[in-house]
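Below you'll find the structure, written out as structure tokens, and then a few comments.
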Amino acid sequence: MQQLEMLIHQAQSLTANEQEVERMMQICNACRYCEGFCAVFPAMTLRLTFGKADINYLANLCHNCGACLHACQYAPPHEFGVNVPQAMARVRVETYQEYARPALFGTLYRRAGVAVVLALAFGIGLFLLLMMAINGTLLHPPLAGDFYQIFPHNLLAAMFGSVFVFSLCSLLFSVSKFWREISSGAGSLPALVETANNVLTLTYLDGGHGEGCNDEDDAFTLRRRRFHHFTFYGFMLCFASTIVATGYHFLLGQQAPYDLLSLPVILGTLGGIGLIIGPLGLLWLNLRRHPAHGDAAQKPLDRGFILLLLLVSITGIALLIGRNTSLMGVLLALHLGTVMALFITLPYGKFAHGFYRTAALLKWAIEKRSKA
Ligand code: SF4
Ligand code: SF4
């Protein structure tokens, strides 16, 4: 049944953006100048023709580093008009839409800016109203950082737990559908280790020579890789802080608030700082990016996610600073509202690109071993 689904998908006609990638891959396959830049070109050379699944796979393997655009003798204004990163970016967002589950929500990728604003308004409004309903006021005497006097622990666990599980399942369903359609074999330990290394170090943002990718011009820079690392590891530290705090609560019976030098607070603070430096840097680079890189229509998708991460970290640090004041409740509502907006939009925003790219990198690690 799955194979039949895959064959039907392969036989489907290509969209205009997929046809554009197919055209460029035919040119690149004859040229092959960029073979050492990233995984896209070696994966391309394993193919003579490019079906829908091949194109979706290659599009998600591309990290939009810009190296092949700046190196290309056939780039605009040449009549061939080869712009691989832009063509790949246009197909990537189509794959997010096509594989999104529930399918109805796939269109949110096209309205990412609006979706983020609506989710923020909903999240912040929800927690401010909840606070009024539970406490009857937005201001209160200092509570020594005891959040649960404002919002009961079980209420928060139920609200965030259910939204997080829904978002995670939705993402996993979407990416597993993508995986089934592009997959070419079973994984192995070496392939998994290589993929983990490529994801955790962002290997393909090094331009293939270690000097980095292109941003606003022909110069190579590692800034984008560094700011991605601050963002990714900042997010992971915040996640670790939540896990550790949950363990303290349920396993050790230690209730929040935790001391400033406790493990959950240290992890959360370091993560919050990373999540300020990384997104600020990525936003700065995004604003300066060469106009021919990527797809200008996807700027709201990129910037909406970056701004949401920034708001989560800024409100989190503000809450830490103001947790012994009578404004703690309002700061808490603002922080929880932005976190809720992030959770709601996780499967339908830029966050999804990490999952799709990881799947494409794993396929590449499997594929290159099977063809060796
Ligand atoms: S991007 Fe340009 S230079 Fe690179 S392989 Fe394709 S056609 Fe050749
Ligand atoms: S933009 Fe970078 S990652 Fe994408 S195909 Fe070109 S060289 Fe590879």
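The chains in the structure tokens are called A, B, ... from first to last as shown; in each chain the residues are counted from 1, and the ligands are counted from 1 in the order shown.
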Requested in this report: Name each residue within 7 Å of ligand 2, counting only C-alpha atoms and all ligand atoms, as number ranges by chain.
Outcome: A: 34, 37-41, 62-69, 84-85, 204, 207
Requested in this report: Compile the contact shell of segment 309-312 of chain A as a PyMOL selection string: residues with an atom at most 12 Å away, counting only C-alpha atoms, same-chain residues fewer than 3 positions apart removed.
Outcome: chain A and resi 116-117+120+123-124+230-232+234-235+238+268+271-283+302-306+315-319+331-343+345-346+349-351
Query - Residues within 9 Å of ligand 1, counting only C-alpha atoms and all ligand atoms, as a PyMOL selection string - result: chain A and resi 24-35+37+41+67-75+80+82-85
Write the residues of the preceding selection, restricted to C-alpha atoms, as a JSON list (two decimals), in the first residue's frame.
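Everything below was put into again-v3.json:
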```json
[["chain", "number", "residue", "atom", "x", "y", "z"],
["A", 24, "MET", "CA", 18.30, 23.40, -13.08],
["A", 25, "MET", "CA", 19.31, 19.90, -12.01],
["A", 26, "GLN", "CA", 19.63, 18.92, -15.67],
["A", 27, "ILE", "CA", 21.96, 21.87, -16.26],
["A", 28, "CYS", "CA", 23.90, 21.23, -13.04],
["A", 29, "ASN", "CA", 24.20, 17.54, -13.84],
["A", 30, "ALA", "CA", 25.98, 18.46, -17.07],
["A", 31, "CYS", "CA", 28.14, 21.10, -15.38],
["A", 32, "ARG", "CA", 28.94, 19.61, -11.91],
["A", 33, "TYR", "CA", 31.16, 22.53, -10.94],
["A", 34, "CYS", "CA", 29.57, 22.69, -7.44],
["A", 35, "GLU", "CA", 29.99, 19.01, -6.59],
["A", 37, "PHE", "CA", 29.87, 22.40, -1.97],
["A", 41, "PHE", "CA", 25.21, 17.95, -5.88],
["A", 67, "ALA", "CA", 27.54, 29.15, -2.37],
["A", 68, "CYS", "CA", 26.34, 27.64, -5.67],
["A", 69, "LEU", "CA", 24.63, 30.89, -6.69],
["A", 70, "HIS", "CA", 27.76, 32.99, -6.18],
["A", 71, "ALA", "CA", 29.92, 30.42, -7.98],
["A", 72, "CYS", "CA", 27.62, 29.83, -10.93],
["A", 73, "GLN", "CA", 28.57, 31.02, -14.41],
["A", 74, "TYR", "CA", 24.97, 30.43, -15.51],
["A", 75, "ALA", "CA", 23.35, 32.54, -12.76],
["A", 80, "PHE", "CA", 20.00, 29.94, -18.29],
["A", 82, "VAL", "CA", 20.33, 29.22, -12.75],
["A", 83, "ASN", "CA", 19.54, 30.10, -9.13],
["A", 84, "VAL", "CA", 19.54, 26.80, -7.26],
["A", 85, "PRO", "CA", 18.99, 28.13, -3.69]]
```
Query raised in the report: Hey, which of A:Ala121, A:Lys177, A:Gly329, A:Leu192 ends up closest to Pro102 of chain A? Count only C-alpha atoms.
Result: A:Lys177
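Proximity ranking of A:Phe239, A:Phe105, A:Trp364, A:Phe50 relative to Ser170 of chain A places A:Phe105 first, based on only C-alpha atoms.
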Report summary line: Judged by only C-alpha atoms, the minimum distance to Pro142 of chain A among A:Pro347, A:Gly322, A:Pro42, A:Pro76 is found for A:Gly322
Query raised in the report: Excluding same-chain residues fewer than 3 positions from Tyr109 of chain A, what lies within 8 Å of it counting only C-alpha atoms, as number ranges by chain?
Result: A: 93, 96-97, 106, 112, 301, 348-349
Just C-alpha atoms for this one: save the residues we selected as a CSV table (one decimal), in the first residue's frame.
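And here's result.csv as it stands now:
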```csv
chain,number,residue,atom,x,y,z
A,93,VAL,CA,7.8,25.4,1.3
A,96,TYR,CA,5.9,21.6,4.1
A,97,GLN,CA,2.4,22.5,2.8
A,106,GLY,CA,-0.8,23.3,5.4
A,112,ALA,CA,3.1,32.5,8.6
A,301,LEU,CA,7.9,32.6,7.6
A,348,TYR,CA,3.2,25.0,10.7
A,349,GLY,CA,6.2,27.4,10.8
```
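Closest approach to Asp215 of chain A among A:Leu285, A:Leu118, A:Leu128, A:Ala360: A:Leu285, based on only C-alpha atoms.
Closest approach to Gln149 of chain A among A:Met88, A:Ala43, A:Leu263, A:Ala256: A:Ala256, based on only C-alpha atoms.
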Query - Which of A:Val330, A:Thr107, A:Gln19, A:Ser188 sits closest to Leu126 of chain A [using only C-alpha atoms] - result: A:Val330
